[in-house]
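Structure data (compact mmCIF, C-alpha atoms) from start.txt:
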```txt
# COMPACT_ATOMS: atom_id res chain seq x y z
CA MET A 15 77.25 89.28 161.68
CA MET A 16 80.26 88.09 163.48
CA GLY A 17 81.83 84.76 164.22
CA THR A 18 82.47 83.92 167.82
CA ARG A 19 83.72 80.83 169.51
CA VAL A 20 82.46 79.07 172.54
CA HIS A 21 83.74 80.38 175.85
CA SER A 22 83.93 83.89 174.45
CA ALA A 23 82.88 86.63 176.77
CA MET A 24 79.21 87.46 176.84
CA ARG A 25 78.32 89.96 174.18
CA PRO A 26 75.64 92.50 175.05
CA LEU A 27 72.54 92.38 172.93
CA SER A 28 71.98 95.36 170.69
CA GLY A 29 69.15 97.77 171.46
CA ILE A 30 67.09 96.52 168.57
CA ALA A 31 67.47 92.93 169.60
CA LEU A 32 66.29 93.75 173.11
CA THR A 33 62.98 95.06 171.91
CA SER A 34 62.33 92.01 169.75
CA ASN A 35 63.11 89.31 172.24
CA MET A 36 61.28 86.15 171.40
CA LEU A 37 62.27 84.07 174.36
CA SER A 38 63.01 85.35 177.82
CA ALA A 39 63.34 83.90 181.27
CA GLN A 40 62.86 85.73 184.54
CA GLY A 41 64.23 84.56 187.86
CA LEU A 42 64.27 80.85 187.08
CA ALA A 43 65.11 78.55 189.96
CA CYS A 44 65.33 74.80 190.10
CA ILE A 45 65.31 72.65 193.21
CA ARG A 46 65.82 68.90 192.90
CA GLY A 47 65.17 67.05 196.12
CA ASP A 48 66.51 69.44 198.75
CA ARG A 49 69.34 70.72 196.59
CA VAL A 50 69.18 74.11 194.90
CA LEU A 51 70.63 73.62 191.42
CA PHE A 52 70.38 77.26 190.40
CA ARG A 53 68.35 80.35 191.10
CA ASN A 54 67.80 83.81 189.63
CA ILE A 55 68.51 82.80 186.06
CA ASP A 56 67.56 85.56 183.61
CA PHE A 57 68.20 85.69 179.91
CA ALA A 58 66.63 86.93 176.73
CA LEU A 59 67.01 85.59 173.24
CA ALA A 60 66.22 87.49 170.05
CA PRO A 61 65.95 86.02 166.53
CA GLY A 62 69.40 84.90 165.46
CA GLY A 63 70.55 84.54 169.03
CA LEU A 64 72.51 81.66 170.45
CA LEU A 65 72.70 80.86 174.15
CA TYR A 66 75.44 78.63 175.46
CA VAL A 67 74.74 77.06 178.82
CA LEU A 68 78.01 76.13 180.45
CA GLY A 69 78.82 74.45 183.71
CA GLU A 70 80.45 71.42 185.19
CA ASN A 71 78.70 68.05 185.38
CA GLY A 72 75.73 68.15 187.71
CA SER A 73 75.48 71.93 187.70
CA GLY A 74 71.95 71.78 186.31
CA LYS A 75 72.47 72.44 182.59
CA SER A 76 70.10 69.70 181.52
CA SER A 77 67.57 70.72 184.15
CA LEU A 78 67.65 74.29 182.85
CA LEU A 79 67.08 73.08 179.30
CA ARG A 80 64.22 70.83 180.40
CA LEU A 81 62.81 73.75 182.34
CA ILE A 82 62.90 76.06 179.33
CA SER A 83 61.33 73.43 177.12
CA GLY A 84 58.51 72.91 179.62
CA LEU A 85 59.31 69.36 180.74
CA LEU A 86 60.07 70.70 184.21
CA VAL A 87 58.17 73.30 186.16
CA PRO A 88 60.39 76.02 187.63
CA GLU A 89 60.39 76.44 191.39
CA THR A 90 60.13 80.19 190.86
CA GLY A 91 60.24 82.45 187.84
CA SER A 92 58.83 81.99 184.37
CA VAL A 93 59.67 81.58 180.71
CA SER A 94 58.07 83.85 178.12
CA TRP A 95 57.71 83.20 174.41
CA CYS A 96 56.67 86.06 172.07
CA GLY A 97 55.90 88.21 175.09
CA GLU A 98 53.55 85.73 176.71
CA LYS A 99 54.25 83.57 179.69
CA VAL A 100 54.56 79.94 178.69
CA LYS A 101 51.98 77.81 180.40
CA ARG A 102 52.50 74.12 180.85
CA ALA A 103 51.68 72.10 177.73
CA SER A 104 51.19 75.19 175.61
CA GLU A 105 50.67 73.85 172.10
CA SER A 106 51.72 77.03 170.31
CA TYR A 107 55.03 77.13 172.19
CA GLN A 108 55.64 73.43 171.67
CA SER A 109 55.13 73.71 167.92
CA ASP A 110 57.82 76.44 167.82
CA LEU A 111 60.20 74.36 169.89
CA LEU A 112 62.49 71.49 169.10
CA TYR A 113 64.12 69.79 172.05
CA ILE A 114 66.69 67.03 171.79
CA GLY A 115 67.86 65.87 175.21
CA HIS A 116 70.34 63.31 176.42
CA LEU A 117 68.05 60.54 175.27
CA ASN A 118 67.71 60.19 171.55
CA GLY A 119 64.02 59.28 171.57
CA LEU A 120 64.59 56.48 169.05
CA LYS A 121 62.91 53.09 169.02
CA ASP A 122 65.49 50.31 168.81
CA ASP A 123 63.25 48.00 166.81
CA LEU A 124 62.44 50.54 164.12
CA THR A 125 64.72 51.57 161.28
CA ALA A 126 66.45 54.95 161.17
CA ILE A 127 64.07 56.26 158.54
CA GLU A 128 60.97 55.01 160.37
CA ASN A 129 62.20 56.67 163.54
CA LEU A 130 62.83 59.94 161.77
CA GLN A 131 59.44 59.91 160.07
CA ILE A 132 57.70 59.22 163.36
CA SER A 133 59.50 61.94 165.30
CA GLY A 134 58.91 64.39 162.46
CA ARG A 135 55.20 63.68 162.28
CA LEU A 136 54.84 63.75 166.03
CA ALA A 137 56.38 67.21 166.03
CA GLY A 138 53.77 68.28 163.49
CA CYS A 139 55.77 68.48 160.28
CA HIS A 140 54.75 66.40 157.32
CA THR A 141 57.60 63.94 156.81
CA ASP A 142 57.59 61.73 153.75
CA ILE A 143 60.28 59.22 152.83
CA PRO A 144 62.25 61.47 150.41
CA SER A 145 62.48 64.32 152.91
CA ALA A 146 63.48 61.94 155.70
CA LEU A 147 66.13 60.39 153.44
CA ALA A 148 67.43 63.83 152.54
CA ALA A 149 67.75 64.67 156.23
CA LEU A 150 69.69 61.47 156.90
CA LYS A 151 71.90 62.22 153.89
CA ALA A 152 72.57 65.72 155.19
CA ILE A 153 74.12 64.32 158.35
CA GLY A 154 75.83 61.55 156.43
CA ILE A 155 74.05 58.38 157.53
CA GLU A 156 71.79 57.61 154.57
CA ARG A 157 73.55 54.23 154.36
CA CYS A 158 71.93 53.26 157.68
CA ALA A 159 68.43 54.37 156.69
CA ASP A 160 67.00 50.85 156.54
CA LEU A 161 68.87 49.41 159.50
CA PRO A 162 67.15 48.98 162.84
CA VAL A 163 68.50 51.58 165.25
CA ARG A 164 69.43 48.73 167.62
CA VAL A 165 72.48 47.86 165.49
CA LEU A 166 73.76 51.42 165.12
CA SER A 167 76.65 52.83 167.13
CA GLN A 168 76.16 55.54 169.76
CA GLY A 169 77.30 58.26 167.38
CA GLN A 170 75.11 57.00 164.55
CA LYS A 171 72.07 56.93 166.84
CA ARG A 172 72.81 60.50 167.86
CA ARG A 173 72.98 61.48 164.21
CA VAL A 174 69.61 59.87 163.48
CA ALA A 175 68.13 61.90 166.34
CA LEU A 176 69.82 65.08 165.14
CA ALA A 177 68.60 64.54 161.57
CA ARG A 178 65.33 66.04 162.82
CA LEU A 179 67.07 69.41 162.66
CA TRP A 180 66.98 69.17 158.87
CA LEU A 181 63.23 68.54 158.84
CA THR A 182 61.92 70.98 161.39
CA LYS A 183 60.57 74.45 160.85
CA SER A 184 60.67 75.32 164.54
CA PRO A 185 62.49 78.57 165.25
CA LEU A 186 63.73 77.59 168.71
CA TRP A 187 66.15 74.69 169.11
CA ILE A 188 67.09 73.42 172.53
CA LEU A 189 69.90 70.90 172.28
CA ASP A 190 71.48 69.10 175.20
CA GLU A 191 75.06 68.11 174.35
CA PRO A 192 74.38 67.82 170.61
CA PHE A 193 78.05 67.27 169.80
CA ALA A 194 78.63 64.44 172.27
CA ALA A 195 79.52 61.12 170.59
CA LEU A 196 79.78 62.72 167.14
CA ASP A 197 82.86 62.38 164.92
CA THR A 198 84.75 65.45 163.72
CA LEU A 199 83.03 65.64 160.36
CA SER A 200 79.55 65.37 161.88
CA VAL A 201 80.40 68.09 164.38
CA GLU A 202 81.33 70.38 161.48
CA ILE A 203 78.15 69.51 159.56
CA LEU A 204 76.01 70.16 162.61
CA ALA A 205 77.82 73.40 163.47
CA SER A 206 77.33 74.75 159.97
CA HIS A 207 73.66 73.75 160.04
CA LEU A 208 73.25 75.52 163.38
CA SER A 209 74.93 78.62 161.94
CA HIS A 210 72.59 78.46 158.95
CA HIS A 211 69.60 78.21 161.29
CA LEU A 212 70.78 81.22 163.28
CA VAL A 213 71.54 83.32 160.19
CA ASN A 214 67.97 82.71 159.06
CA GLY A 215 66.62 84.19 162.27
CA GLY A 216 66.37 81.01 164.30
CA MET A 217 67.34 80.69 167.93
CA ALA A 218 69.26 78.01 169.75
CA ILE A 219 70.10 77.09 173.30
CA ILE A 220 72.80 74.48 173.62
CA THR A 221 75.05 72.91 176.18
CA THR A 222 78.41 71.57 175.16
CA HIS A 223 81.85 70.79 176.51
CA GLN A 224 83.42 70.98 173.09
CA ASP A 225 84.95 73.95 171.37
CA VAL A 226 82.83 74.34 168.26
CA ALA A 227 82.67 77.28 165.89
CA ILE A 228 79.11 78.47 165.39
CA TYR A 229 78.35 81.77 163.74
CA ALA A 230 75.62 83.81 165.34
CA GLN A 231 74.46 87.39 165.29
CA SER A 232 74.41 87.50 169.04
CA MET A 233 75.94 84.99 171.33
CA GLN A 234 75.47 84.74 175.06
CA THR A 235 76.99 82.50 177.64
CA LEU A 236 75.26 81.41 180.79
CA ARG A 237 77.41 79.87 183.52
CA LEU A 238 75.76 77.62 186.03
CA ASP A 239 78.65 77.19 188.44
CA SER A 240 77.68 77.61 192.03
CA MET B 14 42.13 61.57 161.73
CA ASN B 15 44.79 63.57 163.48
CA ASP B 16 48.22 62.90 161.96
CA ALA B 17 50.15 62.65 165.22
CA TRP B 18 47.46 60.40 166.70
CA MET B 19 47.73 58.01 163.74
CA THR B 20 51.52 58.15 163.95
CA VAL B 21 51.53 57.03 167.59
CA LEU B 22 48.98 54.29 166.91
CA ARG B 23 50.86 52.96 163.89
CA ARG B 24 54.19 53.18 165.68
CA ASP B 25 52.98 51.12 168.63
CA LEU B 26 51.35 48.52 166.39
CA LEU B 27 54.52 48.30 164.30
CA LEU B 28 56.59 47.84 167.46
CA ALA B 29 54.26 45.08 168.62
CA LEU B 30 54.66 43.42 165.25
CA ARG B 31 58.45 43.58 165.53
CA ARG B 32 58.33 42.17 169.07
CA ARG B 33 55.77 39.43 168.79
CA SER B 34 56.99 37.66 171.91
CA ASP B 35 55.52 40.44 174.08
CA VAL B 36 52.10 39.88 172.57
CA ALA B 37 52.39 36.12 172.79
CA THR B 38 53.21 36.30 176.51
CA THR B 39 49.89 37.97 177.30
CA LEU B 40 47.90 35.59 175.18
CA PHE B 41 49.55 32.46 176.49
CA PHE B 42 49.14 33.65 180.05
CA PHE B 43 45.38 33.99 179.47
CA LEU B 44 45.28 30.64 177.74
CA ILE B 45 47.17 28.77 180.43
CA VAL B 46 45.60 30.34 183.50
CA SER B 47 42.10 29.74 182.18
CA SER B 48 42.99 26.17 181.18
CA LEU B 49 44.37 25.34 184.63
CA PHE B 50 41.01 25.67 186.37
CA PRO B 51 39.20 22.86 184.52
CA LEU B 52 42.24 20.65 185.11
CA GLY B 53 42.34 21.43 188.81
CA ILE B 54 38.63 21.40 189.56
CA GLY B 55 37.61 18.41 187.51
CA PRO B 56 35.38 17.82 184.52
CA GLU B 57 32.01 18.42 186.20
CA PRO B 58 30.14 20.61 183.62
CA ALA B 59 27.77 22.16 186.18
CA VAL B 60 30.63 23.34 188.41
CA LEU B 61 32.74 24.53 185.50
CA SER B 62 30.02 26.55 183.86
CA SER B 63 29.13 28.19 187.15
CA ILE B 64 32.71 29.36 187.79
CA ALA B 65 33.42 30.18 184.13
CA PRO B 66 32.33 33.86 184.08
CA GLY B 67 34.43 34.80 187.09
CA VAL B 68 37.47 32.76 186.15
CA LEU B 69 37.59 33.96 182.57
CA TRP B 70 37.21 37.59 183.58
CA VAL B 71 39.88 37.36 186.27
CA ALA B 72 42.23 35.69 183.78
CA ALA B 73 41.53 38.48 181.28
CA LEU B 74 42.21 41.14 183.95
CA LEU B 75 45.52 39.58 184.94
CA ALA B 76 46.62 39.00 181.35
CA GLY B 77 45.93 42.63 180.49
CA MET B 78 47.88 43.76 183.52
CA LEU B 79 50.97 41.75 182.59
CA SER B 80 51.66 44.02 179.66
CA LEU B 81 50.79 47.28 181.42
CA THR B 82 54.29 47.83 182.83
CA ARG B 83 55.59 48.07 179.28
CA LEU B 84 52.96 50.57 178.15
CA PHE B 85 55.06 53.66 178.90
CA ALA B 86 58.26 52.19 180.38
CA THR B 87 60.15 51.70 177.10
CA ASP B 88 59.10 55.12 175.82
CA PHE B 89 60.29 56.58 179.11
CA ALA B 90 63.64 54.81 178.93
CA ASP B 91 64.50 55.76 175.35
CA GLY B 92 63.25 59.34 175.47
CA SER B 93 60.28 58.98 173.09
CA LEU B 94 58.00 59.90 175.96
CA GLU B 95 59.70 63.30 176.30
CA GLN B 96 59.10 63.89 172.62
CA MET B 97 55.45 62.93 173.02
CA LEU B 98 55.13 65.36 175.90
CA LEU B 99 56.63 68.11 173.76
CA ALA B 100 54.53 67.35 170.69
CA PRO B 101 52.19 70.20 169.78
CA GLN B 102 49.20 67.94 170.43
CA PRO B 103 47.17 67.39 173.58
CA LEU B 104 48.99 64.67 175.48
CA ALA B 105 45.69 63.06 176.47
CA LEU B 106 44.95 62.52 172.77
CA LEU B 107 48.27 60.78 172.17
CA VAL B 108 47.62 58.68 175.27
CA THR B 109 44.38 57.40 173.74
CA ALA B 110 46.34 56.28 170.68
CA LYS B 111 48.79 54.37 172.86
CA VAL B 112 45.98 52.81 174.88
CA LEU B 113 44.13 51.82 171.72
CA ALA B 114 47.29 50.13 170.43
CA HIS B 115 47.65 48.33 173.77
CA TRP B 116 44.04 47.16 173.56
CA ILE B 117 44.41 45.95 169.96
CA VAL B 118 47.55 44.04 170.91
CA CYS B 119 46.56 42.70 174.34
CA GLY B 120 42.80 43.09 174.72
CA LEU B 121 41.41 42.11 171.35
CA PRO B 122 43.22 38.73 171.13
CA VAL B 123 41.78 37.81 174.55
CA VAL B 124 38.30 38.74 173.34
CA LEU B 125 38.72 36.56 170.26
CA LEU B 126 40.21 33.66 172.19
CA ALA B 127 37.57 33.72 174.93
CA PRO B 128 34.88 31.66 173.13
CA VAL B 129 37.38 28.87 172.52
CA ILE B 130 38.31 28.84 176.20
CA GLY B 131 34.62 29.10 177.11
CA LEU B 132 34.01 25.76 175.42
CA GLN B 133 36.30 24.12 177.98
CA TYR B 134 33.91 25.36 180.63
CA ALA B 135 30.84 23.88 178.92
CA LEU B 136 29.32 27.31 178.37
CA PRO B 137 26.21 27.28 176.19
CA ASN B 138 26.30 29.17 172.90
CA ASP B 139 24.34 32.22 174.00
CA ALA B 140 26.52 32.58 177.09
CA LEU B 141 29.61 32.42 174.83
CA LEU B 142 28.18 35.22 172.74
CA VAL B 143 27.51 37.34 175.83
CA LEU B 144 31.03 36.58 177.09
CA VAL B 145 32.56 37.92 173.87
CA LEU B 146 30.30 40.98 173.93
CA ALA B 147 31.06 41.66 177.58
CA LEU B 148 34.81 41.36 177.01
CA LEU B 149 34.55 43.57 173.94
CA LEU B 150 32.77 46.27 175.93
CA GLY B 151 34.76 45.88 179.14
CA THR B 152 38.39 45.33 178.13
CA PRO B 153 38.83 48.90 176.75
CA ALA B 154 38.10 50.13 180.29
CA LEU B 155 40.82 47.80 181.60
CA SER B 156 43.40 49.27 179.21
CA LEU B 157 42.31 52.84 179.93
CA ILE B 158 42.34 52.47 183.73
CA GLY B 159 45.54 50.46 183.57
CA ALA B 160 47.25 53.30 181.71
CA ILE B 161 46.79 55.55 184.75
CA GLY B 162 48.56 52.99 186.93
CA ALA B 163 51.31 52.51 184.34
CA ALA B 164 51.88 56.28 184.15
CA LEU B 165 51.90 56.73 187.93
CA THR B 166 54.46 53.97 188.51
CA LEU B 167 56.80 55.06 185.74
CA GLY B 168 60.42 54.88 186.81
CA VAL B 169 59.53 53.32 190.15
CA ARG B 170 61.36 50.17 191.21
CA GLY B 171 59.14 47.11 191.38
CA SER B 172 56.50 48.91 189.38
CA GLY B 173 54.84 45.65 188.30
CA LEU B 174 53.54 44.87 191.75
CA LEU B 175 52.66 48.48 192.43
CA ILE B 176 50.54 48.64 189.29
CA ALA B 177 48.62 45.59 190.46
CA LEU B 178 47.92 47.20 193.82
CA LEU B 179 46.83 50.46 192.23
CA VAL B 180 44.82 49.15 189.35
CA LEU B 181 43.17 45.91 190.47
CA PRO B 182 40.78 47.61 192.93
CA LEU B 183 39.69 49.92 190.11
CA TYR B 184 38.93 46.89 187.94
CA ILE B 185 36.32 45.60 190.40
CA PRO B 186 33.26 47.25 188.77
CA VAL B 187 34.27 45.93 185.34
CA LEU B 188 34.77 42.46 186.81
CA ILE B 189 31.39 42.47 188.55
CA PHE B 190 29.42 43.66 185.53
CA GLY B 191 31.41 41.52 183.10
CA ALA B 192 31.05 38.29 185.03
CA GLY B 193 27.47 39.27 185.91
CA ALA B 194 26.53 39.57 182.25
CA VAL B 195 27.66 36.03 181.48
CA ALA B 196 26.06 34.63 184.63
CA ALA B 197 22.77 36.38 183.81
CA SER B 198 22.63 34.83 180.37
CA GLN B 199 23.44 31.40 181.87
CA HIS B 200 20.41 31.75 184.11
CA GLY B 201 18.20 32.70 181.21
CA MET B 202 17.99 36.39 182.08
CA SER B 203 18.79 39.34 179.87
CA ALA B 204 22.39 40.50 180.06
CA GLN B 205 21.52 43.89 178.66
CA ALA B 206 21.71 45.78 181.94
CA HIS B 207 25.17 44.41 182.69
CA LEU B 208 26.39 45.10 179.17
CA SER B 209 25.08 48.68 179.33
CA LEU B 210 26.90 49.22 182.60
CA LEU B 211 30.09 47.78 181.10
CA ALA B 212 29.82 50.15 178.15
CA ALA B 213 29.26 52.97 180.62
CA CYS B 214 32.44 51.98 182.48
CA SER B 215 34.40 52.07 179.24
CA LEU B 216 32.94 55.40 178.13
CA LEU B 217 33.53 56.98 181.52
CA SER B 218 37.13 55.82 181.54
CA LEU B 219 37.57 57.01 177.95
CA VAL B 220 36.64 60.50 179.12
CA LEU B 221 38.56 60.59 182.38
CA ALA B 222 41.48 58.15 182.13
CA PRO B 223 43.47 59.83 179.29
CA MET B 224 43.51 63.13 181.17
CA ALA B 225 44.55 61.46 184.41
CA THR B 226 47.21 59.48 182.54
CA ALA B 227 48.55 62.61 180.85
CA ALA B 228 48.80 64.40 184.19
CA ALA B 229 50.55 61.40 185.74
CA LEU B 230 53.01 61.20 182.83
CA ARG B 231 53.97 64.86 183.24
CA ILE B 232 54.67 64.27 186.92
CA SER B 233 56.65 61.09 186.24
CA VAL B 234 58.87 62.67 183.60
CA GLU B 235 59.81 65.67 185.78
```
Is it possible to express this structure as structure tokens?
Amino acid sequence: MMGTRVHSAMRPLSGIALTSNMLSAQGLACIRGDRVLFRNIDFALAPGGLLYVLGENGSGKSSLLRLISGLLVPETGSVSWCGEKVKRASESYQSDLLYIGHLNGLKDDLTAIENLQISGRLAGCHTDIPSALAALKAIGIERCADLPVRVLSQGQKRRVALARLWLTKSPLWILDEPFAALDTLSVEILASHLSHHLVNGGMAIITTHQDVAIYAQSMQTLRLDS
Amino acid sequence: MNDAWMTVLRRDLLLALRRRSDVATTLFFFLIVSSLFPLGIGPEPAVLSSIAPGVLWVAALLAGMLSLTRLFATDFADGSLEQMLLAPQPLALLVTAKVLAHWIVCGLPVVLLAPVIGLQYALPNDALLVLVLALLLGTPALSLIGAIGAALTLGVRGSGLLIALLVLPLYIPVLIFGAGAVAASQHGMSAQAHLSLLAACSLLSLVLAPMATAAALRISVE
């Protein structure tokens, strides 16, 4: 295992990793309106692998992430999970996947803990109050557990959304700008949790503009600049 | 029952409880619109009871439609809809939970309030009973069909008016059978045929509408 930092050069996958790819994409293209955001995107991710998607604003990072998670249909190409092409609304793929986008998916009128329980249960993991509290504690906002999300700050809301990462058993995490709006300590907590996930054979695809140290067995960088 | 299904249902009911004003708007709209007619037309019992079935059903249709824009719009805006789409459950199933919550919050109160309003229209007791039964059988179809319109107009500007244009024509069968049931019982005939047809409308929309709504949601979120 080796520590690498963001913006490092792309490291080739080892031969073993190539044969055990869990997630792969072939020739992905995305067209929004009459604008081609990207085309011919290929990558493969093995257990323990981390994929950084980099690019300037508007280069299609979020669209790529939505495409991989199945919220968008690719113009051409396909995404495969465990060797099988992912069809739209595939329940087996969706239960292995955790996607947190730009929007936090929180209800303003519900408390942090209610929100977390709901999103946990919706994603198919049994979430009781102690486990939800433990997740909020892990990311350092257990004090806000009983407050309606409406009164929380942007960073606190983000942390409530990210607390799902401490509840999930999904091997594939797709996170769109997970570090945005977080304070330094939370960034460290999240980075170490991500490293932990990757060490245990998980996979992650993230976009970020921040320089964050995450340890991964294999790290790839995908640039979306035109 | 399915855990995710119950979660969505309970979440939407809890949200309605926290935002009671939304519920009250629908109910007061129904109350006021249906109370305006007797005031405008005059206190002639024969006239009132003959227009009652139609007026009450139209008021119920419009009241239900008021809240339709909110059915998916808030979930869409805060990202919960994305999470529902990515849940490892059939989306159509989760849609039925949302529609059921909408019906409990907006449809059921109208059903329960209808006999009180019916008294203003000098409806006889058996016609009141048929009115409640007809609303009970027909309003689920309104919520189910309305969900398709709400999903199709998601993220569109001026979606409120667009929903009305899309959904109101589809409400016509429910309106005809619903008002017909009450009118039949007023004229001393059996309302059973109308009620059966209303139930058929609701069952048919229960089978088809969630799938159509789910497909529309996927398109809207893209």
Self-check item: Interatomic distance, atom CA of B:Leu179 to atom CA of B:Gly162 (Å, one decimal)
Solution: 6.1 Å
Practice problem: Can you check which residues of chain B have any atom within 8 Å of chain A? Use only C-alpha atoms and format it as a VMD selection string. | Solution: chain B and resid 16 to 17 20 to 21 24 28 31 to 32 88 91 to 103 231 234 to 235
Exercise. Could you tell me which of B:Leu221, B:Leu52, B:Val108, B:Leu40 comes closest to B:Ala72 if we count only C-alpha atoms?
Key: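 Of B:Leu221, B:Leu52, B:Val108, B:Leu40, the one nearest B:Ala72 is B:Leu40, counting only C-alpha atoms.
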Quiz item: Near B:Leu75, within 12 Å and counting all atoms listed in the file, which residues show up once chain neighbours fewer than 2 positions away are dropped, as a VMD selection string?
Solution: chain B and resid 38 to 47 68 to 73 77 to 81 119 to 120 123 152 155 to 156 159 173 to 174 176 to 178 180 to 181 184 188
For A:Asp56, work out the shell of residues within 6 Å, counting all atoms listed in the file and skipping chain neighbours fewer than 4 positions away, then give it as a PDB file with C-alpha atoms, keeping the file's coordinate frame.
```
ATOM      1  CA  ALA A  39      63.340  83.900 181.270  1.00  0.00           C
ATOM      2  CA  GLN A  40      62.860  85.730 184.540  1.00  0.00           C
ATOM      3  CA  GLY A  41      64.230  84.560 187.860  1.00  0.00           C
TER       4      GLY A  41
END
```
Is there a way to complete stretch 122-133 of chain A with N, CA and C atoms and then write that out as a tab-separated table (two decimals), in the coordinates of the input?
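Now in out30.tsv:
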```tsv
chain	number	residue	atom	x	y	z
A	122	ASP	N	64.46	51.24	169.26
A	122	ASP	CA	65.49	50.31	168.81
A	122	ASP	C	65.02	49.36	167.72
A	123	ASP	N	63.74	49.01	167.75
A	123	ASP	CA	63.25	48.00	166.81
A	123	ASP	C	62.83	48.60	165.47
A	124	LEU	N	62.82	49.91	165.38
A	124	LEU	CA	62.44	50.54	164.12
A	124	LEU	C	63.69	50.99	163.37
A	125	THR	N	63.56	51.14	162.05
A	125	THR	CA	64.72	51.57	161.28
A	125	THR	C	64.92	53.07	161.46
A	126	ALA	N	66.10	53.53	161.03
A	126	ALA	CA	66.45	54.95	161.17
A	126	ALA	C	65.39	55.81	160.49
A	127	ILE	N	65.00	55.41	159.29
A	127	ILE	CA	64.07	56.26	158.54
A	127	ILE	C	62.67	56.24	159.17
A	128	GLU	N	62.28	55.07	159.68
A	128	GLU	CA	60.97	55.01	160.37
A	128	GLU	C	60.97	55.91	161.60
A	129	ASN	N	62.07	55.84	162.36
A	129	ASN	CA	62.20	56.67	163.54
A	129	ASN	C	62.10	58.14	163.21
A	130	LEU	N	62.80	58.53	162.14
A	130	LEU	CA	62.83	59.94	161.77
A	130	LEU	C	61.45	60.40	161.30
A	131	GLN	N	60.78	59.55	160.53
A	131	GLN	CA	59.44	59.91	160.07
A	131	GLN	C	58.49	60.08	161.25
A	132	ILE	N	58.59	59.16	162.20
A	132	ILE	CA	57.70	59.22	163.36
A	132	ILE	C	57.96	60.48	164.18
A	133	SER	N	59.25	60.77	164.46
A	133	SER	CA	59.50	61.94	165.30
A	133	SER	C	59.13	63.22	164.56
```
